[in-house]
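S.K.: Please see the structure below; I have some questions.
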Amino acid sequence: MEKVHFTEEKATMLATLYGRAVDARLDRPILGDQAAAEAVDKIDYDWRKFGMKTDAALSVAARAAALDAWTREFLDAHPTANVLHLGCGMDTRVYRMDPPPTVRWFDVDYPETVELRERIYPARDGYRMIGSSVTELGWLDEIPADRPTLVVAEGLTMYLDPEKGRALLRALVERFPSGEMVFDAFSRGAIAVQKINTPVRRSGATLHWGLAGPAELEALGLTVVDAKSAMDLVTPESIDRFTPVARWSLKVLSKIAFLRNMSHLVRCRF
Ligand SMILES: C[S@@+](CC[C@H](N)C(=O)[O-])C[C@H]1O[C@@H](n2cnc3c(N)ncnc32)[C@H](O)[C@@H]1O
């Protein structure tokens, strides 16, 4: 068993890993990420502290599945590409996507996260992990800038200092010839009421960056081509996996604009 001592925003990756593991153990999972369940079994941690119930785990899995679908579409259209998976945490997306060796895939997160990944997950061709803060931009020099590039960032942007986050996105747009960025972003209102976010509160993390709207991304050189409220990620095929209370809450709460706009999954081109 691997002992871990992560705090604040680094601990949140354990909450999402656990969510995907809970989903994988269900009879009818949304994502079915068995590698996440195996990773949880190898890590010595008090997982109960996140208070992650099945409905919350299914929501984590639905977000990952939606970003996987956009990732798959990009890789199908660009079999020779870079993928930069920023704030990867313990996510197993590279194994779920299983890209061909023509794809160069980089997982980037803090050095402590990368050390844990190296102990838990196997190496593979075309795959590298980089231990760095994503906002200390020196790591970008290690990425060849000759290919279309997909940037995936799940559960990352809201933890970044807004100024540093914008500088990161601008640097990515400038460095690569073309590509897409797919990520989730919080509204400013979601940052203001962050204490209602149980996994974030229990990890002791603080959220900083809430987007004013799509114009903030367009000003960085991105074109927003799709945006989905987190409340729309539960599809007609997956809704029956949720408890009746969760289904009712989703139906009622999604009519309240403030709540509906709190979190979006965005797909941008550059
Ligand atoms: C909520 S977790 C999400 C992890 C993973 N994407 C997932 O969905 O399971 C947030 C992740 O962002 C990482 N993170 C936050 N700020 C970062 C920064 N400045 N540089 C690198 N990683 C960062 C944390 O270490 C953590 O792994």
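Following the order of the structure tokens, first chain is A, next is B, and so on, with residues numbered from 1 inside each chain and ligands from 1 in the order they appear.
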Fewer than 3 positions away in the same chain doesn't count, so skip those; otherwise give me all residues within 8 Å of segment 100-108 of chain A, counting only C-alpha atoms, as an NGL selection string.
M.R.: :A and (79-88 or 94 or 114 or 125-134)
S.K.: As a ChimeraX atom specification, which residues of segment 61-241 of chain A does DSSP assign to helix (DSSP H, G or I)?
M.R.: /A:61-77,93-97,111-120,137-142,157-159,162-175,188-192,194-196,198-203,214-218,230-232,239-241
S.K.: Please provide as a tab-separated table (two decimals) with N, CA, C and O atoms, in the first residue's frame all residues within 9 Å of segment 152-156 of chain A, with the sequence filter that same-chain residues fewer than 3 positions apart are discarded (counting only C-alpha atoms).
M.R.:
chain	number	residue	atom	x	y	z
A	12	THR	N	-7.49	17.06	-3.65
A	12	THR	CA	-8.75	16.94	-4.38
A	12	THR	C	-8.68	15.87	-5.47
A	12	THR	O	-9.69	15.29	-5.84
A	13	MET	N	-7.47	15.59	-5.96
A	13	MET	CA	-7.36	14.56	-7.02
A	13	MET	C	-7.69	13.18	-6.45
A	13	MET	O	-8.05	12.27	-7.20
A	16	THR	N	-11.58	12.85	-6.69
A	16	THR	CA	-12.09	12.50	-8.02
A	16	THR	C	-11.68	11.07	-8.41
A	16	THR	O	-12.44	10.34	-9.04
A	63	ARG	N	-18.61	13.66	-15.88
A	63	ARG	CA	-17.72	14.73	-16.37
A	63	ARG	C	-16.54	14.12	-17.12
A	63	ARG	O	-16.18	14.57	-18.22
A	64	ALA	N	-15.95	13.07	-16.54
A	64	ALA	CA	-14.81	12.43	-17.19
A	64	ALA	C	-15.22	11.83	-18.53
A	64	ALA	O	-14.49	11.94	-19.53
A	67	LEU	N	-15.49	14.56	-21.21
A	67	LEU	CA	-14.17	15.01	-21.69
A	67	LEU	C	-13.49	13.90	-22.49
A	67	LEU	O	-12.77	14.18	-23.45
A	71	THR	N	-12.05	14.18	-26.25
A	71	THR	CA	-10.66	13.75	-26.50
A	71	THR	C	-10.62	12.74	-27.63
A	71	THR	O	-9.79	12.82	-28.54
A	83	VAL	N	-1.06	15.53	-26.82
A	83	VAL	CA	-2.11	15.75	-25.81
A	83	VAL	C	-1.42	16.24	-24.55
A	83	VAL	O	-0.47	15.60	-24.06
A	84	LEU	N	-1.86	17.38	-24.05
A	84	LEU	CA	-1.36	17.90	-22.77
A	84	LEU	C	-2.49	17.77	-21.77
A	84	LEU	O	-3.52	18.44	-21.89
A	85	HIS	N	-2.31	16.89	-20.82
A	85	HIS	CA	-3.35	16.63	-19.82
A	85	HIS	C	-2.90	17.34	-18.55
A	85	HIS	O	-2.05	16.84	-17.82
A	86	LEU	N	-3.45	18.54	-18.34
A	86	LEU	CA	-2.94	19.41	-17.27
A	86	LEU	C	-3.72	19.20	-15.97
A	86	LEU	O	-4.94	19.09	-15.98
A	87	GLY	N	-2.99	19.18	-14.84
A	87	GLY	CA	-3.65	18.90	-13.56
A	87	GLY	C	-4.25	17.51	-13.61
A	87	GLY	O	-5.38	17.28	-13.18
A	88	CYS	N	-3.45	16.56	-14.14
A	88	CYS	CA	-3.96	15.20	-14.40
A	88	CYS	C	-4.33	14.46	-13.12
A	88	CYS	O	-5.15	13.55	-13.15
A	159	TYR	N	-8.70	26.20	-9.60
A	159	TYR	CA	-7.67	26.27	-8.55
A	159	TYR	C	-6.57	27.28	-8.87
A	159	TYR	O	-5.74	27.59	-8.02
A	160	LEU	N	-6.55	27.76	-10.11
A	160	LEU	CA	-5.44	28.62	-10.53
A	160	LEU	C	-5.70	30.08	-10.17
A	160	LEU	O	-6.86	30.53	-10.16
A	180	GLU	N	-7.14	22.22	-29.78
A	180	GLU	CA	-8.35	22.43	-28.98
A	180	GLU	C	-7.98	22.44	-27.50
A	180	GLU	O	-6.98	21.84	-27.11
A	181	MET	N	-8.79	23.12	-26.73
A	181	MET	CA	-8.70	23.02	-25.27
A	181	MET	C	-10.06	22.60	-24.75
A	181	MET	O	-11.07	23.21	-25.13
A	182	VAL	N	-10.09	21.57	-23.94
A	182	VAL	CA	-11.34	21.12	-23.33
A	182	VAL	C	-11.14	21.09	-21.82
A	182	VAL	O	-10.18	20.50	-21.33
A	183	PHE	N	-12.01	21.76	-21.12
A	183	PHE	CA	-11.83	21.86	-19.66
A	183	PHE	C	-13.13	22.28	-19.01
A	183	PHE	O	-14.07	22.73	-19.68
A	184	ASP	N	-13.18	22.15	-17.68
A	184	ASP	CA	-14.33	22.68	-16.96
A	184	ASP	C	-13.92	23.98	-16.29
A	184	ASP	O	-12.78	24.15	-15.88
A	185	ALA	N	-14.88	24.89	-16.24
A	185	ALA	CA	-14.62	26.21	-15.67
A	185	ALA	C	-15.78	26.57	-14.76
A	185	ALA	O	-16.93	26.26	-15.08
A	265	LEU	N	-18.57	22.75	-18.92
A	265	LEU	CA	-17.50	22.07	-19.67
A	265	LEU	C	-17.38	22.84	-20.98
A	265	LEU	O	-18.38	23.00	-21.68
S.K.: Do a neighbour search on Arg201 of chain A at 12 Å with only C-alpha atoms, toss out local chain neighbours closer than 6 positions, and write the hits as a list of chain:residue names.
M.R.: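 After dropping sequence-adjacent residues, the list is A:Thr7, A:Glu8, A:Glu9, A:Ala11, A:Thr12, A:Ala15, A:Lys49, A:Phe50, A:Gly51, A:Val193, A:Gln194, A:Lys195, A:Leu207.
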S.K.: Residues at most 7 Å from Ala37 of chain A, counting only C-alpha atoms, excluding those fewer than 4 positions away in the same chain, as a CSV table (one decimal) with C-alpha atoms, in the first residue's frame?
M.R.:
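And here's part_38.csv as it stands now:
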chain,number,residue,atom,x,y,z
A,21,ALA,CA,-13.5,4.0,-8.5
A,24,ALA,CA,-16.3,1.5,-11.6
A,33,ASP,CA,-12.6,3.0,-15.0
A,41,ASP,CA,-6.9,-0.4,-3.6
S.K.: What does the structure give for the distance between atom CA of Leu150 of chain A and atom 8 (O, counted along the ligand's line) of ligand 1, in Å to one decimal?
M.R.: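 Atom-to-atom, atom CA of Leu150 of chain A to atom 8 (O, counted along the ligand's line) of ligand 1, that is 16.1 Å.
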S.K.: Quick one: pull the distance between atom 2 (S, counted along the ligand's line) of ligand 1 and atom CA of Trp139 of chain A, Å, one decimal.
M.R.: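 A separation of 19.3 Å between them.
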S.K.: Using only C-alpha atoms and all ligand atoms, can you tell me which of A:Tyr45, A:Phe270, A:Trp70, A:Trp209 comes closest to ligand 1?
M.R.: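 Of the candidates, the smallest distance to ligand 1 is held by A:Trp209.
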S.K.: Enumerate as a PyMOL selection string all residues of segment 6-201 of chain A assigned to strand (DSSP E or B) by DSSP on the backbone, naming them with the chain letters and numbers the document uses.
M.R.: chain A and resi 43-44+82-86+104-109+127-131+149-153+179-187
S.K.: For a quick check of understanding, using only C-alpha atoms, which of A:Arg175, A:Arg267, A:Arg48, A:Arg117 has the smallest distance to Val225 of chain A?
M.R.: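 Among the listed residues, A:Arg267 lies closest to Val225 of chain A.
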S.K.: Counting only C-alpha atoms and all ligand atoms, which of A:Glu2, A:Glu216, A:Asp226, A:Glu115 gets nearest to ligand 1?
M.R.: A:Glu115
S.K.: What's around Leu168 of chain A at 9 Å? Count only C-alpha atoms, leave out sequence neighbours fewer than 6 positions away in its own chain, and write the answer as a PyMOL selection string.
M.R.: chain A and resi 134-137
S.K.: Given the selection you just returned, output its residues as a file containing N, CA and C atoms, formatted as a PDB file, in the first residue's frame.
M.R.:
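Dumped everything to selection31.pdb:
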ATOM      1  N   VAL A 134       1.637  23.873 -13.392  1.00  0.00           N
ATOM      2  CA  VAL A 134       1.330  24.190 -14.794  1.00  0.00           C
ATOM      3  C   VAL A 134       1.538  25.675 -15.085  1.00  0.00           C
ATOM      4  N   THR A 135       1.516  26.505 -14.043  1.00  0.00           N
ATOM      5  CA  THR A 135       1.636  27.953 -14.282  1.00  0.00           C
ATOM      6  C   THR A 135       3.084  28.433 -14.258  1.00  0.00           C
ATOM      7  N   GLU A 136       4.037  27.530 -13.938  1.00  0.00           N
ATOM      8  CA  GLU A 136       5.457  27.884 -14.097  1.00  0.00           C
ATOM      9  C   GLU A 136       5.834  27.378 -15.483  1.00  0.00           C
ATOM     10  N   LEU A 137       5.853  28.254 -16.448  1.00  0.00           N
ATOM     11  CA  LEU A 137       5.700  27.843 -17.845  1.00  0.00           C
ATOM     12  C   LEU A 137       6.918  27.156 -18.466  1.00  0.00           C
TER      13      LEU A 137
END
S.K.: Return the single residue from A:His5, A:Tyr18, A:Ala57, A:Phe74 that is closest to Thr243 of chain A, with distances computed using only C-alpha atoms.
M.R.: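 Checking each candidate against Thr243 of chain A, we get A:Ala57 as the closest.
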S.K.: Quick one: everything within 7 Å of Asp44 of chain A, counting only C-alpha atoms, minus sequence neighbours fewer than 3 positions away in the same chain. Send it as a CSV table (one decimal) with all heavy atoms, in the first residue's frame.
M.R.:
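Below is the file part.csv, written as the result:
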chain,number,residue,atom,x,y,z
A,1,MET,N,0.8,-1.2,0.0
A,1,MET,CA,0.0,0.0,0.0
A,1,MET,C,0.9,1.3,0.0
A,1,MET,O,1.9,1.3,0.7
A,1,MET,CB,-0.9,0.0,1.3
A,1,MET,CG,-1.9,-1.1,1.3
A,1,MET,SD,-3.3,-0.8,0.2
A,1,MET,CE,-4.4,0.1,1.2
A,2,GLU,N,0.5,2.2,-0.8
A,2,GLU,CA,1.2,3.5,-0.9
A,2,GLU,C,0.6,4.5,0.1
A,2,GLU,O,-0.6,4.8,0.1
A,2,GLU,CB,1.1,4.1,-2.3
A,2,GLU,CG,1.7,3.2,-3.4
A,2,GLU,CD,3.2,3.1,-3.3
A,2,GLU,OE1,3.8,4.0,-2.6
A,2,GLU,OE2,3.7,2.2,-3.9
A,3,LYS,N,1.4,5.0,1.0
A,3,LYS,CA,0.9,6.0,2.0
A,3,LYS,C,1.0,7.4,1.3
A,3,LYS,O,2.0,7.7,0.6
A,3,LYS,CB,1.8,6.1,3.2
A,3,LYS,CG,1.6,5.0,4.2
A,3,LYS,CD,1.4,5.7,5.6
A,3,LYS,CE,1.0,4.7,6.7
A,3,LYS,NZ,-0.4,4.6,6.8
A,4,VAL,N,0.0,8.2,1.5
A,4,VAL,CA,0.0,9.6,0.8
A,4,VAL,C,-0.3,10.6,1.8
A,4,VAL,O,-1.1,10.4,2.8
A,4,VAL,CB,-0.9,9.7,-0.4
A,4,VAL,CG1,-0.5,8.8,-1.5
A,4,VAL,CG2,-2.4,9.3,0.0
S.K.: Could you state the separation of atom CA of Arg93 of chain A and atom CA of Asp232 of chain A in Å, given to one decimal place?
M.R.: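 Taking atom CA of Arg93 of chain A as the start and atom CA of Asp232 of chain A as the end point, the length is 21.4 Å.
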